[in-house]
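> Got a structure for you, written out below as C-alpha cells; questions coming shortly.
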Amino acid sequence: MNDSTTTAPHPSPPHLPSAVFEELEIVRDPANLFHQTIEQILIAAELIGMRHHQKIIIAQPKNEIMVHFPVLMDDGHHALFKGYRVQHNNALGPYKGGIRFHPHVSLDDVKSLAVLMTMKCSLVKVPFGGGKGGVKCNPRELSSEELKRVTRRFCTAISNQIGPDYDIPAPDVGTNAQIMAWFADTYQLMSPEHSRQDTHRVVTGKPVEMGGSVGRDKATGQGLVDVLQEMLPELGIDIHKCKFTLIGFGNVGGWTGRLLTELGATLVGVLDHTGAIHNDRGIDAEALTEHVAQTGGVGGYDEAESISTDDFYGLHVDLLVPAALEQMITPKEAGLINAKVVAEGANAPTTPEGDAVLMQRGVEILPAILCNAGGVTVSYFEWVQNKSSTTWSAEKVDEELNRHMVLAARRVKVARVKYECDSRTASYCAALEQIKKVYELRGVFP
Ligand code: NAD
C-alpha cells in the first residue's frame, strides 16, 4: 500500500469555501474577521451559482496598501504612524469606503470592511466598488493640531493611490467632517492648480460649506430607519410603538435613537464605552445627545439608572441596534439578548457563532450591508452633486435615500425566498447577483 495516498489530505469539494481558502493559501482562522466575512460571502456565491474564477476574484482585495509616515507631535518629537488603504473590487465603479482612526486598526479588519463596502454598494445599487482605510492611532489622545497633521500626512502617503474617479474615502469610526475637510484640502493642494477645483470630490462626508451634502450626517441612521419601516411590519412590530436599545451613541447610534424616538418608539437602554444606562419609561434621545457631547459618553446620564453590561443585553425589547464596533455580539451576548430583532447599524457586530445562537433562539437579524448602507448612499449623492456642480435640497436627499433603502430591503426579501436562506445570506446573494452579471458581461482580460 502506498502510504502517501492514505495520509494525503483530501482536497475539499470545489464548491466549499474551504476549497477557495486552500487554493488561495489562506490559513483559516475562525477569529479573523476577514476570513469570517469571505466565508459567508462564498456561501452566498455558491447559492447564486457564481463561477469559480468569480469566487477567487472576490475572495481577495485587488490592492492592499500599507504606509508608514512620521508626524510631528506637540511636544516636539516625531512619532511613526501606520496606515492602510485596501481596494477590494471596482467592477461596479470607483473604490469607495471610509477611513478609520482607531488603536486596533489592522490590515485584516480593513480588508473585511472593504469587502463589505463592495457588497453594500452593489446591494443599494450605487455605482461604486469597495474600499476601506485606516490609521492605527487613538484620536481621543491626539490634540486637534496633531490630528490635523496625521490626516495630512496620511493623505499625502496614499495620494497617488486614490482619486475623485478612482478611490473616494469618507469618514468612519474616529473620523468626521473636519477630518475630511483637512483631507480634501491636502489632496487639492497636491493636485495641479488648473484642476484643483474639482478634486474635493476625492472624499465625501465633507462639511456642507466645503461641498458636503445636506443629510450626510444623519444618513446612516436615516437609512436604518427606512429599512426598519420596510422590514418590521412583516415581523409584527409597529415601529411607532416599539421599545428599543442601542449599542453605541455616536453618529449611527445617536441619529438612530433620535429618529426612532421622533417616530414614537421608546429608547429604554444604551451601552457605550463609558457604561450602560436604562430607563423603562424612555430615554430622551435629544437630552442624551447633549450629555454625550459634554461628557464623551452615556455614563453618568442622570435621567436613567446605570446597569451592568449583562443586564443591558438582557433588557426585554422589540429591537436592539448594535451601532458601535465589530464583533461585540459573541455567543455570550447572543445568549443574553432578549430582543425580537437585531438590526445591525455597525459593520460586522455579530460573530458567526453569535449569529448561530441568535438564529437558534429565533431572533431575526437584519444584516449590516443592508441596515447601514444609508451612509454610502448619501456619500454617492454628495459625489454626484460635486461632479455636476449642483446642490440638492434636504427633501430630495431624504426621498432618494428612502427609495434606495426600500428597494434594497425588497431585494433582500426576494433573495430570501428565491434562495431559501436567512436575511444575511440573502443580502449577500442580492449583492453578488449584480457583480456576477458584470463579470459575465465583461469577462476576464485578456
Ligand atoms: P462613532 O465613532 O461616531 O461612534 C462609535 C460609538 O461606539 C460610540 O458611541 C462609542 O462610545 C461606542 N463604543 C466604542 N467602543 C465601545 C465599546 N467597547 N462598547 C460599547 N460601545 C463602544 O462611530 P459611527 O460612525 O457611529 O460608527 C459606528 C459603526 O457604524 C461602525 O461599525 C462603523 O463602521 C459603522 N458605520 C458607520 C457609518 C457612518 O456613516 N458613520 C456608515 C456605515 C457604517
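Ordering of the C-alpha cells sets the chain letters (A, B, ...), residue numbers begin anew at 1 in every chain, and ligands are numbered from 1 in the order given.
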Counting only C-alpha atoms and all ligand atoms, which residues of chain A sit at most 7 Å from some atom of ligand 1, and what is each one's closest atom pair with its distance in Å to one decimal, listed by chain and rising residue number, as a Markdown table?


```
| residue | atom | partner | partner_atom_place_in_ligand_line | distance |
| --- | --- | --- | --- | --- |
| A:Pro171 | CA | ligand 1 | 41 (N) | 6.5 |
| A:Asp172 | CA | ligand 1 | 25 (O) | 5.0 |
| A:Val173 | CA | ligand 1 | 2 (O) | 4.0 |
| A:Gly174 | CA | ligand 1 | 2 (O) | 4.8 |
| A:Ala219 | CA | ligand 1 | 40 (O) | 6.6 |
| A:Thr220 | CA | ligand 1 | 40 (O) | 5.0 |
| A:Ile247 | CA | ligand 1 | 21 (N) | 5.7 |
| A:Gly248 | CA | ligand 1 | 9 (O) | 3.6 |
| A:Phe249 | CA | ligand 1 | 9 (O) | 3.7 |
| A:Gly250 | CA | ligand 1 | 4 (O) | 3.4 |
| A:Asn251 | CA | ligand 1 | 26 (O) | 3.7 |
| A:Val252 | CA | ligand 1 | 26 (O) | 3.8 |
| A:Gly253 | CA | ligand 1 | 26 (O) | 5.8 |
| A:Leu271 | CA | ligand 1 | 20 (C) | 5.5 |
| A:Asp272 | CA | ligand 1 | 21 (N) | 3.3 |
| A:His273 | CA | ligand 1 | 16 (C) | 4.0 |
| A:Thr274 | CA | ligand 1 | 11 (O) | 6.6 |
| A:Gly297 | CA | ligand 1 | 11 (O) | 5.9 |
| A:Ala323 | CA | ligand 1 | 29 (C) | 4.8 |
| A:Ala324 | CA | ligand 1 | 7 (O) | 3.4 |
| A:Leu325 | CA | ligand 1 | 32 (O) | 4.6 |
| A:Glu326 | CA | ligand 1 | 32 (O) | 5.8 |
| A:Gly345 | CA | ligand 1 | 30 (O) | 5.5 |
| A:Ala346 | CA | ligand 1 | 32 (O) | 3.5 |
| A:Asn347 | CA | ligand 1 | 32 (O) | 4.2 |
| A:Asn372 | CA | ligand 1 | 43 (C) | 4.8 |
| A:Ala373 | CA | ligand 1 | 43 (C) | 6.1 |
| A:Gly375 | CA | ligand 1 | 40 (O) | 4.4 |
| A:Val376 | CA | ligand 1 | 42 (C) | 6.7 |
```

> Residues at most 12 Å from His316 (chain A), counting only C-alpha atoms, excluding those fewer than 4 positions away in the same chain, as JSON, numbers by chain?

{"A": [242, 243, 244, 245, 267, 268, 269, 278, 279, 280, 311, 312, 320, 336, 337, 338, 339, 340, 341]}

> Go through region 191-363 of chain A and collect every residue that DSSP, computed from the backbone, puts in strand (DSSP E); the answer should be as a ChimeraX atom specification.

/A:243-247,266-272,275-278,305-307,316-322,338-343

> Can you pull out the residues contacting Gln40 (chain A)? Cut-off 10 Å, using only C-alpha atoms, and skip same-chain residues under 3 positions away; I want them as a ChimeraX atom specification.

/A:17,35-37,43-45,352,424-425,428

> Store the residues picked out above, limited to N, CA and C atoms, as an mmCIF file, in the first residue's frame.


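Dumped everything to part.cif:
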```cif
data_model
loop_
_atom_site.group_PDB
_atom_site.id
_atom_site.type_symbol
_atom_site.label_atom_id
_atom_site.label_comp_id
_atom_site.auth_asym_id
_atom_site.auth_seq_id
_atom_site.Cartn_x
_atom_site.Cartn_y
_atom_site.Cartn_z
ATOM 1 N N PRO A 17 -16.384 26.853 0.596
ATOM 2 C CA PRO A 17 -15.488 27.984 0.829
ATOM 3 C C PRO A 17 -14.070 27.535 1.147
ATOM 4 N N HIS A 35 -11.569 36.471 7.297
ATOM 5 C CA HIS A 35 -11.874 35.085 6.941
ATOM 6 C C HIS A 35 -13.361 34.786 7.139
ATOM 7 N N GLN A 36 -13.897 35.281 8.263
ATOM 8 C CA GLN A 36 -15.330 35.067 8.544
ATOM 9 C C GLN A 36 -16.189 35.667 7.436
ATOM 10 N N THR A 37 -15.843 36.901 7.057
ATOM 11 C CA THR A 37 -16.655 37.621 6.067
ATOM 12 C C THR A 37 -16.606 36.911 4.722
ATOM 13 N N ILE A 43 -20.387 31.360 0.665
ATOM 14 C CA ILE A 43 -21.585 30.507 0.779
ATOM 15 C C ILE A 43 -22.696 31.089 -0.117
ATOM 16 N N ALA A 44 -22.852 32.414 -0.067
ATOM 17 C CA ALA A 44 -23.854 33.065 -0.926
ATOM 18 C C ALA A 44 -23.466 32.921 -2.398
ATOM 19 N N ALA A 45 -22.162 33.037 -2.692
ATOM 20 C CA ALA A 45 -21.691 32.917 -4.083
ATOM 21 C C ALA A 45 -22.054 31.542 -4.647
ATOM 22 N N PRO A 352 -19.863 34.945 13.737
ATOM 23 C CA PRO A 352 -20.651 33.845 13.168
ATOM 24 C C PRO A 352 -21.249 32.952 14.250
ATOM 25 N N ARG A 424 -29.112 37.542 6.172
ATOM 26 C CA ARG A 424 -27.715 37.906 5.909
ATOM 27 C C ARG A 424 -27.236 37.263 4.597
ATOM 28 N N THR A 425 -27.476 35.957 4.467
ATOM 29 C CA THR A 425 -27.049 35.276 3.242
ATOM 30 C C THR A 425 -27.781 35.889 2.043
ATOM 31 N N TYR A 428 -26.196 39.083 0.833
ATOM 32 C CA TYR A 428 -25.000 38.824 0.020
ATOM 33 C C TYR A 428 -25.394 38.291 -1.361
#
```

> Which value, in Å to one decimal, gives the distance between CA of Val126 (chain A) and CA of Leu24 (chain A)?

29.4 Å

> So, counting only C-alpha atoms, which residue among A:Val438, A:Ala157, A:Leu16, A:Leu92 is closest to Phe69 (chain A)?

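Closest to Phe69 (chain A) of all the choices is A:Ala157.
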